[in-house]
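Worksheet: one structure, shown below.
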2 protein chains.
Amino acid sequence: MIKFFEKDPYAPVQYVYEVERVLYKSKSNFQEIMVIENAFFGKMLILDGVVQITEKDEFFYHEMLVHVLMHSHPNPKNVAVIGGGDGGAVREVLKHQCVEKVYFVEIDEEVINVSRKFFPEVSCNVDNPKVAIKCIDGAEFIKDKTGELDVIIVDSTDIIGFAKSLFTVEFFKSVKNALTDEGMFVTLSESLHFHRDLVVEVQEALRLIFPVVDLYTAPIATYAGNWWTFSAASKKLGLRDMRRKYNIDTRYFDEEIFHQSFLPLKIYEKLLNKRLPW
Amino acid sequence: MIKFFEKDPYAPVQYVYEVERVLYKSKSNFQEIMVIENAFFGKMLILDGVVQITEKDEFFYHEMLVHVLMHSHPNPKNVAVIGGGDGGAVREVLKHQCVEKVYFVEIDEEVINVSRKFFPEVSCNVDNPKVAIKCIDGAEFIKDKTGELDVIIVDSTDIIGFAKSLFTVEFFKSVKNALTDEGMFVTLSESLHFHRDLVVEVQEALRLIFPVVDLYTAPIATYAGNWWTFSAASKKLGLRDMRRKYNIDTRYFDEEIFHQSFLPLKIYEKLLNKRLPW
């Protein structure tokens with residue numbers, strides 16, 4: 001049996017997966033793209049040696065990335081997904097009937113095409129008429145927008161590498177400017193077990209720009225550290241309030257998960273003060 | 001750099017750790033015992049090729065194994081820890097002043113000794129006068145007890161292997177018999193990501209014996225699947241109520257974590273009905 005050794009330079013434990021078959025391997029202008037098949041996880045999308053999604057468990061990540069803010073926001077109509085070439089975040093956003101337009105901003109068109117071919121259940125809605133696909137740099141895209149987006153979602157690769165421009169104070173400024181008055185923003189921010197300092201860095205950068213910043217987590221089996229964080233920010237409204245009724249079809253997310261996912265306040269305060277005892 | 005490849009026959013992903021030094025390696029009457037040092041996790045205790053605890057993150061597991069029930073129970077005085085040779089569970093139990101006696105039932109004395117030597121901060125309280133160390137089979141120990149234990153905690157190796165006797169209906173019957181009227185029981189029950197069927201098996205076996213059964217989880221970075229479950233049972237009292245004030249020193253557990261840790265009710269119902277969508 002061939003094995004795939006994940007190449008995550010940030011993780012203190014390396015994950016190894018058995019490979020039934022290598023279904024695809026190529027180099028785009030931005031990264032190495034690979035699709036393998038594993039007996040337990042099904043098809044797995046791997047970018048530059050790091051697992052991005054697996055057929056079996058992608059919904060944990062995509063639902064948690066999207067639905068928390070989509071329920072905090074009172075009425076999200078215009079949404080941007082930055083990254084997320086697999087289409088999973090777009091699929092989740094479109095479950096909300098109130099959404100009128102989704103900008104799907106993925107720098108690497110090849111990822112969208114590979115997902116269309118190998119992950120049809122993930123990319124199923126990228127060609128929906130409400131979706132505008134933009135194969136450009138997310139930071140460039142956001143720069144040109146002013147006060148028109150209700151929710152902006154960053155679904156990028158890890159913070160290192162070419163996605164770095166999506167985690168700068170400058171980018172967060174553009175995001176704030178691109179949002180409506182009640183606008184909200186969420187980005188992945190790595191693992192609370194393994195990358196605590198990185199989590200704090202993202203939180204601090206967001207706090208320089210936004211009056212409301214928060215953090216929620218989800219258990220993701222295939223991301224190193226697994227206790228995965230999402231950093232969220234808002235121009236006005238608190239994020240822990242559920243302002244819309246939950247009536248969409250999900251596999252993991254629900255009302256209780258919404259509330260449970262936010263980091264307990266005492267731990268959150270310790271995190272920000274760099275007094276977490278681990 | 002030498003690498004340690006974890007040998008967990010149940011996990012669909014293999015964890016690999018870099019080894020700074022191998023500090024100890026021997027074969028006891030029951031298992032292979034190894035202590036290695038890793039740059040991130042510090043010292044790691046490995047039994048039969050599976051990581052049991054690491055210096056860096058053992059408190060997540062030990063606090064969550066112990067303090068949930070120790071706060072559900074109104075007044076735990078007599079406690080038994082089955083397994084847990086490293087002493088971490090005993091250390092946590094003794095944080096509760098109300099505890100008068102702890103039976104520490106570890107079949108493999110060698111694990112206790114190795115922990116005394118290499119993990120002094122974990123095993124720090126195993127020689128406390130309130131602790132009675134019994135190096136015998138936990139199932140045999142419990143068989144002889146009737147109505148005298150307030151809380152029984154199983155801290156064993158994985159459900160496969162020689163710890164299997166701690167997950168049978170027969171054992172759960174002995175546990176019930178050993179408990180006082182308000183007695184409570186908790187055992188690890190593997191990962192909700194990777195071993196869902198095993199989780200359900202443990203839950204179903206407990207439900208044959210106990211009127212109250214529940215499930216809570218915690219994120220543990222070094223156990224495969226990471227979204228780790230604890231199956232809890234009670235002879236009378238509900239487990240989701242916090243009956244004692246939280247006033248002990250912990251690194252992760254607190255009141256909010258207590259409440260957040262229980263599986264949301266809708267997901268829990270789906271789990272039991274084998275309708276979880278993953």
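The way I read the labels, and the way they are meant: chains A, B, ... in the order of the structure tokens, residue 1 as the first residue of every chain, and ligand 1 as the first ligand shown, with later ones counted on from there.
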(request) Determine, counting only C-alpha atoms, which protein, DNA and RNA residues have an atom within 8 Å of an atom of Phe194 in chain B; residues of the same chain fewer than 6 positions away are not included. Present the result as JSON, numbers by chain. (result) {"B": [11, 12, 224, 225]}
Grab the residues selected above and save them as a PDB file, in the first residue's frame with N, CA and C atoms.
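Result went into again18.pdb, see below:
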```
ATOM      1  N   ALA B  11      -7.149   3.334  13.843  1.00  0.00           N
ATOM      2  CA  ALA B  11      -7.197   4.699  13.318  1.00  0.00           C
ATOM      3  C   ALA B  11      -6.962   4.726  11.806  1.00  0.00           C
ATOM      4  N   PRO B  12      -7.786   5.454  11.072  1.00  0.00           N
ATOM      5  CA  PRO B  12      -7.595   5.555   9.622  1.00  0.00           C
ATOM      6  C   PRO B  12      -6.514   6.569   9.238  1.00  0.00           C
ATOM      7  N   ALA B 224      -6.034   9.557  18.337  1.00  0.00           N
ATOM      8  CA  ALA B 224      -6.490   9.520  16.941  1.00  0.00           C
ATOM      9  C   ALA B 224      -7.980   9.850  16.836  1.00  0.00           C
ATOM     10  N   GLY B 225      -8.289  10.777  15.981  1.00  0.00           N
ATOM     11  CA  GLY B 225      -9.685  11.179  15.811  1.00  0.00           C
ATOM     12  C   GLY B 225      -9.983  12.427  16.621  1.00  0.00           C
TER      13      GLY B 225
END
```
Taking only C-alpha atoms into account, what are the residues of chain A at most 6 Å from chain B, put as a PDB file with C-alpha atoms, in the first residue's frame?
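Final file, selection24.pdb:
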```pdb
ATOM      1  CA  VAL A  13       2.693  15.538  14.481  1.00  0.00           C
ATOM      2  CA  GLN A  14       2.734  14.244  10.948  1.00  0.00           C
ATOM      3  CA  TYR A  15      -0.377  12.555   9.552  1.00  0.00           C
ATOM      4  CA  VAL A  16       0.045   9.538   7.274  1.00  0.00           C
ATOM      5  CA  TYR A  17      -2.753   8.166   5.096  1.00  0.00           C
ATOM      6  CA  PRO A 219     -13.389  19.428  15.787  1.00  0.00           C
ATOM      7  CA  ALA A 221     -10.213  15.203  12.134  1.00  0.00           C
ATOM      8  CA  GLY A 225      -4.301  19.851  15.789  1.00  0.00           C
ATOM      9  CA  TRP A 227      -9.305  21.712  17.545  1.00  0.00           C
ATOM     10  CA  ARG A 251     -25.172  17.342   8.885  1.00  0.00           C
ATOM     11  CA  GLU A 256     -26.877  23.999  20.004  1.00  0.00           C
ATOM     12  CA  GLN A 260     -21.387  25.570  22.035  1.00  0.00           C
ATOM     13  CA  PRO A 264     -15.852  29.888  26.767  1.00  0.00           C
ATOM     14  CA  PRO A 277      -1.917  27.456  30.572  1.00  0.00           C
TER      15      PRO A 277
END
```
(message) Considering only helix (DSSP H, G or I) as DSSP defines it on the backbone, what residues of range 188-225 of chain A qualify? List them as a PyMOL selection string.
(response) chain A and resi 196-209
Export of the given selection (N, CA and C atoms) as a short mmCIF file (atom, residue, chain, number, x, y, z; two decimals), in the first residue's frame:
```cif
data_model
loop_
_atom_site.label_atom_id
_atom_site.label_comp_id
_atom_site.auth_asym_id
_atom_site.auth_seq_id
_atom_site.Cartn_x
_atom_site.Cartn_y
_atom_site.Cartn_z
N ARG A 196 -1.38 28.18 18.77
CA ARG A 196 -2.00 29.18 19.63
C ARG A 196 -1.49 30.59 19.35
N ASP A 197 -0.18 30.73 19.12
CA ASP A 197 0.38 32.06 18.88
C ASP A 197 -0.16 32.67 17.59
N LEU A 198 -0.36 31.81 16.61
CA LEU A 198 -0.91 32.26 15.33
C LEU A 198 -2.37 32.70 15.51
N VAL A 199 -3.11 31.93 16.31
CA VAL A 199 -4.50 32.30 16.61
C VAL A 199 -4.52 33.70 17.23
N VAL A 200 -3.65 33.92 18.19
CA VAL A 200 -3.62 35.22 18.88
C VAL A 200 -3.23 36.33 17.90
N GLU A 201 -2.27 36.05 17.03
CA GLU A 201 -1.87 37.05 16.04
C GLU A 201 -3.04 37.50 15.16
N VAL A 202 -3.81 36.52 14.68
CA VAL A 202 -4.97 36.85 13.84
C VAL A 202 -5.98 37.66 14.65
N GLN A 203 -6.24 37.22 15.87
CA GLN A 203 -7.18 37.93 16.73
C GLN A 203 -6.73 39.38 16.98
N GLU A 204 -5.45 39.55 17.26
CA GLU A 204 -4.94 40.90 17.55
C GLU A 204 -5.04 41.80 16.32
N ALA A 205 -4.71 41.24 15.17
CA ALA A 205 -4.82 42.03 13.93
C ALA A 205 -6.27 42.45 13.69
N LEU A 206 -7.20 41.53 13.90
CA LEU A 206 -8.61 41.86 13.71
C LEU A 206 -9.06 42.93 14.70
N ARG A 207 -8.56 42.86 15.92
CA ARG A 207 -8.95 43.82 16.96
C ARG A 207 -8.45 45.24 16.68
N LEU A 208 -7.41 45.34 15.87
CA LEU A 208 -6.96 46.68 15.47
C LEU A 208 -7.97 47.35 14.55
N ILE A 209 -8.79 46.55 13.88
CA ILE A 209 -9.66 47.07 12.82
C ILE A 209 -11.14 47.04 13.21
#
```
(request) Taking the DSSP assignment computed from this structure's backbone, write out as a ChimeraX atom specification all residues of range 5-220 of chain A that belong to strand (DSSP E or B). (result) /A:5,14-19,21-27,32-38,42-47,50-54,78-83,101-105,131-134,149-155,179-191,212-219
(request) Return the single residue from A:Val175, A:Cys124, A:Ala132, A:Val213 that is closest to Asp144 in chain A, with distances computed using only C-alpha atoms. (result) A:Val175
(request) Pick out the residues sitting within 8 Å of range 79-85 of chain A, and hand them over as an NGL selection string; count only C-alpha atoms, and ignore anything fewer than 2 positions along from it in its own chain. (result) :A and (76-77 or 87-90 or 93 or 99 or 101-109 or 111-112 or 115 or 138 or 149-157)
Export of prior selection with N, CA and C atoms as a tab-separated table (two decimals), in the first residue's frame:
```tsv
chain	number	residue	atom	x	y	z
A	76	PRO	N	-28.26	38.22	5.57
A	76	PRO	CA	-27.15	38.25	4.61
A	76	PRO	C	-27.61	38.04	3.17
A	77	LYS	N	-27.37	39.06	2.35
A	77	LYS	CA	-27.79	38.98	0.94
A	77	LYS	C	-26.60	38.85	0.00
A	87	GLY	N	-15.47	24.61	-3.59
A	87	GLY	CA	-16.89	24.95	-3.73
A	87	GLY	C	-17.73	24.61	-2.51
A	88	GLY	N	-17.14	24.03	-1.49
A	88	GLY	CA	-17.92	23.62	-0.32
A	88	GLY	C	-18.53	24.80	0.44
A	89	ALA	N	-17.78	25.88	0.58
A	89	ALA	CA	-18.31	27.06	1.29
A	89	ALA	C	-19.45	27.68	0.48
A	90	VAL	N	-19.27	27.75	-0.83
A	90	VAL	CA	-20.33	28.31	-1.69
A	90	VAL	C	-21.60	27.47	-1.57
A	93	VAL	N	-23.27	28.44	1.69
A	93	VAL	CA	-23.83	29.80	1.65
A	93	VAL	C	-25.18	29.78	0.92
A	99	VAL	N	-29.88	34.75	0.43
A	99	VAL	CA	-28.68	35.15	-0.31
A	99	VAL	C	-29.02	35.42	-1.77
A	101	LYS	N	-26.49	37.06	-3.94
A	101	LYS	CA	-25.28	37.02	-4.77
A	101	LYS	C	-24.10	36.48	-3.96
A	102	VAL	N	-23.32	35.60	-4.59
A	102	VAL	CA	-22.10	35.09	-3.95
A	102	VAL	C	-20.92	35.35	-4.88
A	103	TYR	N	-19.99	36.17	-4.45
A	103	TYR	CA	-18.71	36.28	-5.17
A	103	TYR	C	-17.83	35.13	-4.72
A	104	PHE	N	-17.41	34.36	-5.68
A	104	PHE	CA	-16.58	33.18	-5.38
A	104	PHE	C	-15.19	33.50	-5.94
A	105	VAL	N	-14.29	33.92	-5.04
A	105	VAL	CA	-13.01	34.50	-5.45
A	105	VAL	C	-11.88	33.51	-5.16
A	106	GLU	N	-11.53	32.73	-6.15
A	106	GLU	CA	-10.50	31.70	-5.98
A	106	GLU	C	-9.38	32.00	-6.97
A	107	ILE	N	-8.19	32.19	-6.43
A	107	ILE	CA	-7.06	32.60	-7.28
A	107	ILE	C	-6.66	31.49	-8.26
A	108	ASP	N	-6.88	30.24	-7.86
A	108	ASP	CA	-6.40	29.11	-8.66
A	108	ASP	C	-7.56	28.37	-9.34
A	109	GLU	N	-7.83	28.72	-10.59
A	109	GLU	CA	-8.95	28.13	-11.32
A	109	GLU	C	-8.85	26.61	-11.40
A	111	VAL	N	-8.06	24.54	-9.18
A	111	VAL	CA	-8.69	23.88	-8.01
A	111	VAL	C	-10.20	23.74	-8.25
A	112	ILE	N	-10.81	24.78	-8.79
A	112	ILE	CA	-12.25	24.72	-9.09
A	112	ILE	C	-12.52	23.59	-10.08
A	115	SER	N	-12.11	20.13	-8.55
A	115	SER	CA	-13.23	19.82	-7.67
A	115	SER	C	-14.48	19.48	-8.48
A	138	GLY	N	-7.76	37.32	-3.78
A	138	GLY	CA	-8.84	37.78	-2.91
A	138	GLY	C	-8.58	39.18	-2.34
A	149	LEU	N	-20.86	44.34	0.92
A	149	LEU	CA	-20.96	42.91	1.26
A	149	LEU	C	-21.45	42.72	2.69
A	150	ASP	N	-22.37	41.77	2.86
A	150	ASP	CA	-22.91	41.50	4.20
A	150	ASP	C	-22.01	40.56	4.98
A	151	VAL	N	-21.51	39.56	4.28
A	151	VAL	CA	-20.64	38.59	4.94
A	151	VAL	C	-19.46	38.27	4.02
A	152	ILE	N	-18.26	38.29	4.57
A	152	ILE	CA	-17.06	37.88	3.83
A	152	ILE	C	-16.44	36.69	4.55
A	153	ILE	N	-16.17	35.64	3.79
A	153	ILE	CA	-15.68	34.38	4.35
A	153	ILE	C	-14.34	34.03	3.70
A	154	VAL	N	-13.31	33.89	4.50
A	154	VAL	CA	-12.01	33.45	3.94
A	154	VAL	C	-11.84	31.96	4.18
A	155	ASP	N	-11.70	31.23	3.09
A	155	ASP	CA	-11.52	29.78	3.13
A	155	ASP	C	-10.24	29.46	2.37
A	156	SER	N	-9.12	29.79	3.00
A	156	SER	CA	-7.83	29.70	2.30
A	156	SER	C	-7.05	28.47	2.74
A	157	THR	N	-5.90	28.28	2.14
A	157	THR	CA	-4.94	27.30	2.65
A	157	THR	C	-4.33	27.88	3.93
```
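Of the residues under consideration (A:Asn113, A:Asp8, A:Pro129, A:Gln97), A:Asp8 shows the shortest atom-to-atom contact distance to Glu190 in chain A when counting only C-alpha atoms.
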(request) Quick one: everything within 8 Å of Phe230 in chain A, counting only C-alpha atoms, minus sequence neighbours fewer than 3 positions away in the same chain. Send it as a PyMOL selection string. (result) chain A and resi 65+186-190+215-217
Mind writing the picked residues with C-alpha atoms as a short mmCIF file (atom, residue, chain, number, x, y, z; two decimals), in the first residue's frame?
```
data_model
loop_
_atom_site.label_atom_id
_atom_site.label_comp_id
_atom_site.auth_asym_id
_atom_site.auth_seq_id
_atom_site.Cartn_x
_atom_site.Cartn_y
_atom_site.Cartn_z
CA LEU A 65 -17.00 28.04 8.44
CA VAL A 186 -14.84 35.06 9.30
CA THR A 187 -11.57 33.34 8.54
CA LEU A 188 -9.96 30.07 9.54
CA SER A 189 -7.22 30.68 12.09
CA GLU A 190 -5.54 27.29 12.63
CA LEU A 215 -13.55 33.06 18.21
CA TYR A 216 -15.31 29.75 17.77
CA THR A 217 -13.99 26.24 17.23
#
```
(request) Determine, counting only C-alpha atoms, which protein, DNA and RNA residues have an atom within 7 Å of an atom of Leu166 in chain B; residues of the same chain fewer than 3 positions away are not included. Present the result as number ranges by chain. (result) B: 139, 163, 171
